[in-house]
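Reading through the structure tokens given below for one structure.
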There are 2 protein chains.
Amino acid sequence: MTQIKPGGKIGILGGGQLGRMLAMAAARLGYRCHIFCPDVRSPAFHVACDFTIAEYENEDALKEFASSVDVATYEFENVPARTAEIVSKETLLRPGARALEVSQDRLTEKKFLNECGVKTAPFKAFQTQEELDEAYKEIGRPSVAKTRRFGYDGKGQLMIKARKDVDDVMGVTKGTAAILEGFVTFDREISVVVARSASGDVAAFPVAENVHTNHILDTSTVPAQISEVVEAKAKVMATRIANALEYIGVMTVEMFVNDGTGEIVVNEIAPRVHNSGHWTIEGAATSQFEQHIRAICDLPLGGTDARGKVRMKNLLGKDILDFEQYLTDPKAHFHHYGKLEPREGRKMGHVTWVEDAD
Amino acid sequence: MTQIKPGGKIGILGGGQLGRMLAMAAARLGYRCHIFCPDVRSPAFHVACDFTIAEYENEDALKEFASSVDVATYEFENVPARTAEIVSKETLLRPGARALEVSQDRLTEKKFLNECGVKTAPFKAFQTQEELDEAYKEIGRPSVAKTRRFGYDGKGQLMIKARKDVDDVMGVTKGTAAILEGFVTFDREISVVVARSASGDVAAFPVAENVHTNHILDTSTVPAQISEVVEAKAKVMATRIANALEYIGVMTVEMFVNDGTGEIVVNEIAPRVHNSGHWTIEGAATSQFEQHIRAICDLPLGGTDARGKVRMKNLLGKDILDFEQYLTDPKAHFHHYGKLEPREGRKMGHVTWVEDAD
């Protein structure tokens, strides 16, 4: 496998806070970053060596970007397949196209997960009203209708609690390919951030327990309130998924846990660093961002132990204006993503508290 | 005092590794950085929002730089007085001109320190051969001749061990203003990194013990092997110096300690973040770089407690090529400054080990 030594150039598709924190971690190891993003106000541009402002469909810009770097990666799973193809013709693309293919389509993803021997919610694909009615007959309610592609933070989804909710589904999915997912009863949501290096080494971070509010992550806490057996099982699942994809980089697996049975259902995978892994920056021996850089550059993976009890909280919209409160808290580590407009619900920063373990 | 809120712009004079690490700390808090440096290969450019490549004497470039930022600071003490004057006409310059004036001239510095009630090595100014002979009569040997200005890492210095060494002094000082310093016997070298905010709050980091090799810092270790009394005394001295300068930002005070008597002699002050404070990045509650940004932006200062036993080692020249050794060590944190040529003696990176306290 090709090792990219410190001093080399890393390309990142996407210029949001994940790209920004990746670029900062890369810089600490001596790499220079080139960010590709259509948005002129991308916060990752502020910490990078080079940047390209162009659409993901701009083949010339993509070629120039890709040929300027030793390895390319991405901060979001909705990189168009054609974009990935162009980039990977010019340079190493890590993780590769297979990870995008699987994670971009909820149907492909669920089938892949089941093939890995991992349990998911029951699901049925639909596109038309007739197919929906049939899926509803099989899956029943409560259930969730979701478009197969391009959904995040609850967008393109509709919960079916009552029979009449079925009538609203086509208004949300708008005739695009979708799935109806059976509702999984669970006690807690967890995620495993796992890294697999170009050489095939795998290391999983301790499991984080996540709380969502309005479909957006609110807090991640480590350790999760789960048994050692569930913790170990969750890591094994994530490792199995990473290996099955021959994955290179950091990926995140979101799961639901039933405390009574210890059963784990995989919700979805994200082929990238993840909001639920931000706690690792101060809370783990290595941050998920540095780990991703190590993995794609084929450096040895770093340690993943937690440094104690860790809690990460997202700062959305105007939450960011309370910065003094966090800066005066001796156990808090405050992060501001450099976005200027604190729009409602926008991820503006986060805070991580690290305390000694009991 | 004017607070610069996250999202604001910070100007940094100097684009070396200190400017680079300052820019990365600033970015974490949401600030955008503008680096001003004449060297096109400045490693700080790689992590900054804006940069200007121009000489420190270029008044137009300085004005444009200064008027583009909310506050300006510097990573090195040899900022020309005229440069500081131009910048401070357009924006806030923190720390201010007084800190530069005192630290740029060994004679002014020593007089200032003595006025603060702090002990220094005995010294006598000279410029001509006659003045040198007179100074030598008073100070004797062993002693060190040093140019008053622009010396660092042992440059512009000559040790006088034998009578005949005096004959070589003028060849080193070349008729510029210089001082002859009495040699201080000491058991260890320590440094205190202290921050004073625009509002006048002061916080000192734990004392670091430093080992130099060939006049270049090799390692810094925390805690220093000194008594609690000496530790407290060293912090009080540094605080007194910062207050006397009405200093804003992080400054570093290098000291010599005599273990037997507990006597502390101040060697020199650096009006900036310092190599002997790199251990704070992973080893303290707040890094010296973030603390400097907090201080100059008038944010609350962060906690300074050490996270255990910490050791920092500089990687000079080809040392940097051993990166795999550090990346495989689970207790090591590896930093690469992004400089491409590993010239002999050049500071290329550093490693910090953090272990639990006994």
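Ordering of the structure tokens sets the chain letters (A, B, ...); residue numbers start at 1 within each chain; ligands are numbered from 1 in the order shown.
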Exercise for review: Extract, using only C-alpha atoms, all DNA, RNA and protein residues at most 12 Å from Asp322 (chain A), discarding same-chain residues fewer than 3 positions from it, and format them as a list in words.
Suggested key: Leu315, Leu316, Gly317, Lys318, Asp319, Gln325, Tyr326, Leu327, Thr328, Asp329, Phe334, His335, His336, Pro342, Met348, Gly349, His350 and Val351 of chain A; Lys5 and Pro6 of chain B
Practice item. Select all residues from chain B having any atom no more than 8 Å from an atom of chain A (counting only C-alpha atoms, ignoring ligands), output as number ranges by chain. Key: B: 6-7, 24, 27-33, 45-50, 285, 299-303, 324, 327-328, 330-331, 334-340
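Proximity ranking of B:Lys9, B:Gly19, B:Asn114, B:Val265 relative to Val69 (chain B) places B:Lys9 first, based on only C-alpha atoms.
Shell of Lys309 (chain B) at 10 Å, with only C-alpha atoms counted and residues fewer than 6 places along the chain excluded, is B:Thr221, B:Val222, B:Pro223, B:Ala224, B:Gly283, B:Trp353, B:Val354, B:Glu355, B:Asp356, B:Ala357, B:Asp358.
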**Study point:** 9 Å contact set for Arg98 (chain A), only C-alpha atoms, chain neighbours under 3 positions out, as a ChimeraX atom specification
**Key:** /A:95,101-103,245-247
Revision key, fill the gap. From CA of Val229 (chain A) to CA of Asp259 (chain A) the spacing works out at 11.3 Å
Which residues are close to Ile264 (chain A), i.e. within 9 Å by only C-alpha atoms, leaving aside same-chain residues fewer than 3 positions away? Reply as a CSV table (one decimal) with N, CA and C atoms, in the first residue's frame.
```csv
chain,number,residue,atom,x,y,z
A,118,VAL,N,-25.2,-8.5,10.1
A,118,VAL,CA,-25.6,-7.4,11.0
A,118,VAL,C,-27.1,-7.2,10.9
A,119,LYS,N,-27.8,-7.0,12.1
A,119,LYS,CA,-29.2,-6.8,12.0
A,119,LYS,C,-29.5,-5.3,11.7
A,120,THR,N,-30.5,-5.1,10.9
A,120,THR,CA,-31.1,-3.8,10.7
A,120,THR,C,-32.6,-3.8,11.0
A,186,PHE,N,-35.9,0.8,21.0
A,186,PHE,CA,-34.6,0.7,21.6
A,186,PHE,C,-34.5,1.6,22.8
A,230,VAL,N,-22.1,-5.7,25.3
A,230,VAL,CA,-22.6,-5.0,24.2
A,230,VAL,C,-21.6,-4.1,23.6
A,233,LYS,N,-19.5,-6.2,21.4
A,233,LYS,CA,-20.2,-6.7,20.2
A,233,LYS,C,-20.3,-5.5,19.2
A,234,ALA,N,-20.6,-4.3,19.7
A,234,ALA,CA,-20.7,-3.2,18.8
A,234,ALA,C,-19.4,-2.9,18.1
A,255,MET,N,-25.9,2.8,15.8
A,255,MET,CA,-26.7,1.6,16.2
A,255,MET,C,-27.7,1.9,17.3
A,256,PHE,N,-28.7,1.0,17.4
A,256,PHE,CA,-29.7,1.1,18.5
A,256,PHE,C,-29.5,-0.1,19.4
A,257,VAL,N,-29.6,0.2,20.7
A,257,VAL,CA,-29.4,-0.9,21.7
A,257,VAL,C,-30.7,-1.1,22.5
A,258,ASN,N,-31.0,-2.4,22.6
A,258,ASN,CA,-32.1,-2.8,23.5
A,258,ASN,C,-31.4,-3.3,24.8
A,261,THR,N,-32.5,-7.1,26.1
A,261,THR,CA,-32.0,-8.2,25.4
A,261,THR,C,-30.6,-8.1,25.0
```
Check your understanding: If you run DSSP on this backbone, which residues of region 55-259 of chain B come out as strand (DSSP E or B), and could you give them as a ChimeraX atom specification?
Key -> /B:71-74,92-93,105,123-126,143-147,149,157-160,178-182,188-196,202-204,208-213,216-222,249-257
Kindly export the residues of the current selection with C-alpha atoms, as an mmCIF file, in the first residue's frame.
```cif
data_model
loop_
_atom_site.group_PDB
_atom_site.id
_atom_site.type_symbol
_atom_site.label_atom_id
_atom_site.label_comp_id
_atom_site.auth_asym_id
_atom_site.auth_seq_id
_atom_site.Cartn_x
_atom_site.Cartn_y
_atom_site.Cartn_z
ATOM 1 C CA VAL B 71 -5.856 42.656 16.603
ATOM 2 C CA ALA B 72 -2.247 41.941 15.650
ATOM 3 C CA THR B 73 0.375 39.937 17.487
ATOM 4 C CA TYR B 74 3.807 38.453 16.712
ATOM 5 C CA LEU B 92 -4.466 46.865 18.329
ATOM 6 C CA LEU B 93 -0.947 45.451 18.751
ATOM 7 C CA ASP B 105 18.009 44.680 23.972
ATOM 8 C CA PHE B 123 26.533 42.525 33.580
ATOM 9 C CA LYS B 124 28.402 45.452 32.070
ATOM 10 C CA ALA B 125 27.782 47.103 28.700
ATOM 11 C CA PHE B 126 30.605 47.567 26.165
ATOM 12 C CA SER B 143 31.711 35.170 31.580
ATOM 13 C CA VAL B 144 29.818 35.497 28.315
ATOM 14 C CA ALA B 145 30.008 38.317 25.787
ATOM 15 C CA LYS B 146 26.707 38.851 23.982
ATOM 16 C CA THR B 147 25.550 41.391 21.429
ATOM 17 C CA ARG B 149 20.400 42.892 19.996
ATOM 18 C CA GLN B 157 27.727 35.028 21.837
ATOM 19 C CA LEU B 158 31.181 34.078 23.060
ATOM 20 C CA MET B 159 32.088 32.318 26.273
ATOM 21 C CA ILE B 160 35.173 33.634 28.081
ATOM 22 C CA ALA B 178 27.185 44.353 23.603
ATOM 23 C CA ILE B 179 27.279 43.259 27.206
ATOM 24 C CA LEU B 180 29.608 41.108 29.222
ATOM 25 C CA GLU B 181 27.634 38.845 31.515
ATOM 26 C CA GLY B 182 29.025 37.159 34.596
ATOM 27 C CA ARG B 188 18.949 23.601 36.318
ATOM 28 C CA GLU B 189 17.276 25.816 33.754
ATOM 29 C CA ILE B 190 13.569 26.430 34.074
ATOM 30 C CA SER B 191 11.001 28.581 32.327
ATOM 31 C CA VAL B 192 7.662 30.028 33.254
ATOM 32 C CA VAL B 193 5.068 30.617 30.555
ATOM 33 C CA VAL B 194 2.688 33.222 31.896
ATOM 34 C CA ALA B 195 -0.362 34.853 30.353
ATOM 35 C CA ARG B 196 -1.798 38.248 31.122
ATOM 36 C CA VAL B 202 -2.764 36.612 35.028
ATOM 37 C CA ALA B 203 -2.237 32.840 34.892
ATOM 38 C CA ALA B 204 1.083 30.982 34.938
ATOM 39 C CA ALA B 208 9.061 23.540 32.944
ATOM 40 C CA GLU B 209 12.603 22.258 33.334
ATOM 41 C CA ASN B 210 14.641 22.701 30.172
ATOM 42 C CA VAL B 211 17.704 20.979 28.795
ATOM 43 C CA HIS B 212 19.630 22.696 26.004
ATOM 44 C CA THR B 213 22.072 21.032 23.636
ATOM 45 C CA ILE B 216 19.119 24.855 21.312
ATOM 46 C CA LEU B 217 16.306 23.540 23.489
ATOM 47 C CA ASP B 218 16.311 19.758 23.536
ATOM 48 C CA THR B 219 13.692 18.791 26.149
ATOM 49 C CA SER B 220 11.194 20.417 28.515
ATOM 50 C CA THR B 221 9.853 18.396 31.431
ATOM 51 C CA VAL B 222 6.949 19.109 33.790
ATOM 52 C CA GLY B 249 -0.540 37.880 25.789
ATOM 53 C CA VAL B 250 1.686 34.954 26.693
ATOM 54 C CA MET B 251 5.266 35.652 27.696
ATOM 55 C CA THR B 252 8.059 33.354 28.769
ATOM 56 C CA VAL B 253 10.672 33.918 31.441
ATOM 57 C CA GLU B 254 13.807 31.761 31.376
ATOM 58 C CA MET B 255 15.505 31.283 34.729
ATOM 59 C CA PHE B 256 18.456 29.483 36.350
ATOM 60 C CA VAL B 257 17.996 27.709 39.670
#
```
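The two atoms in question, CA of Pro142 (chain B) and CA of Gly345 (chain B), are spaced 26.7 Å apart.
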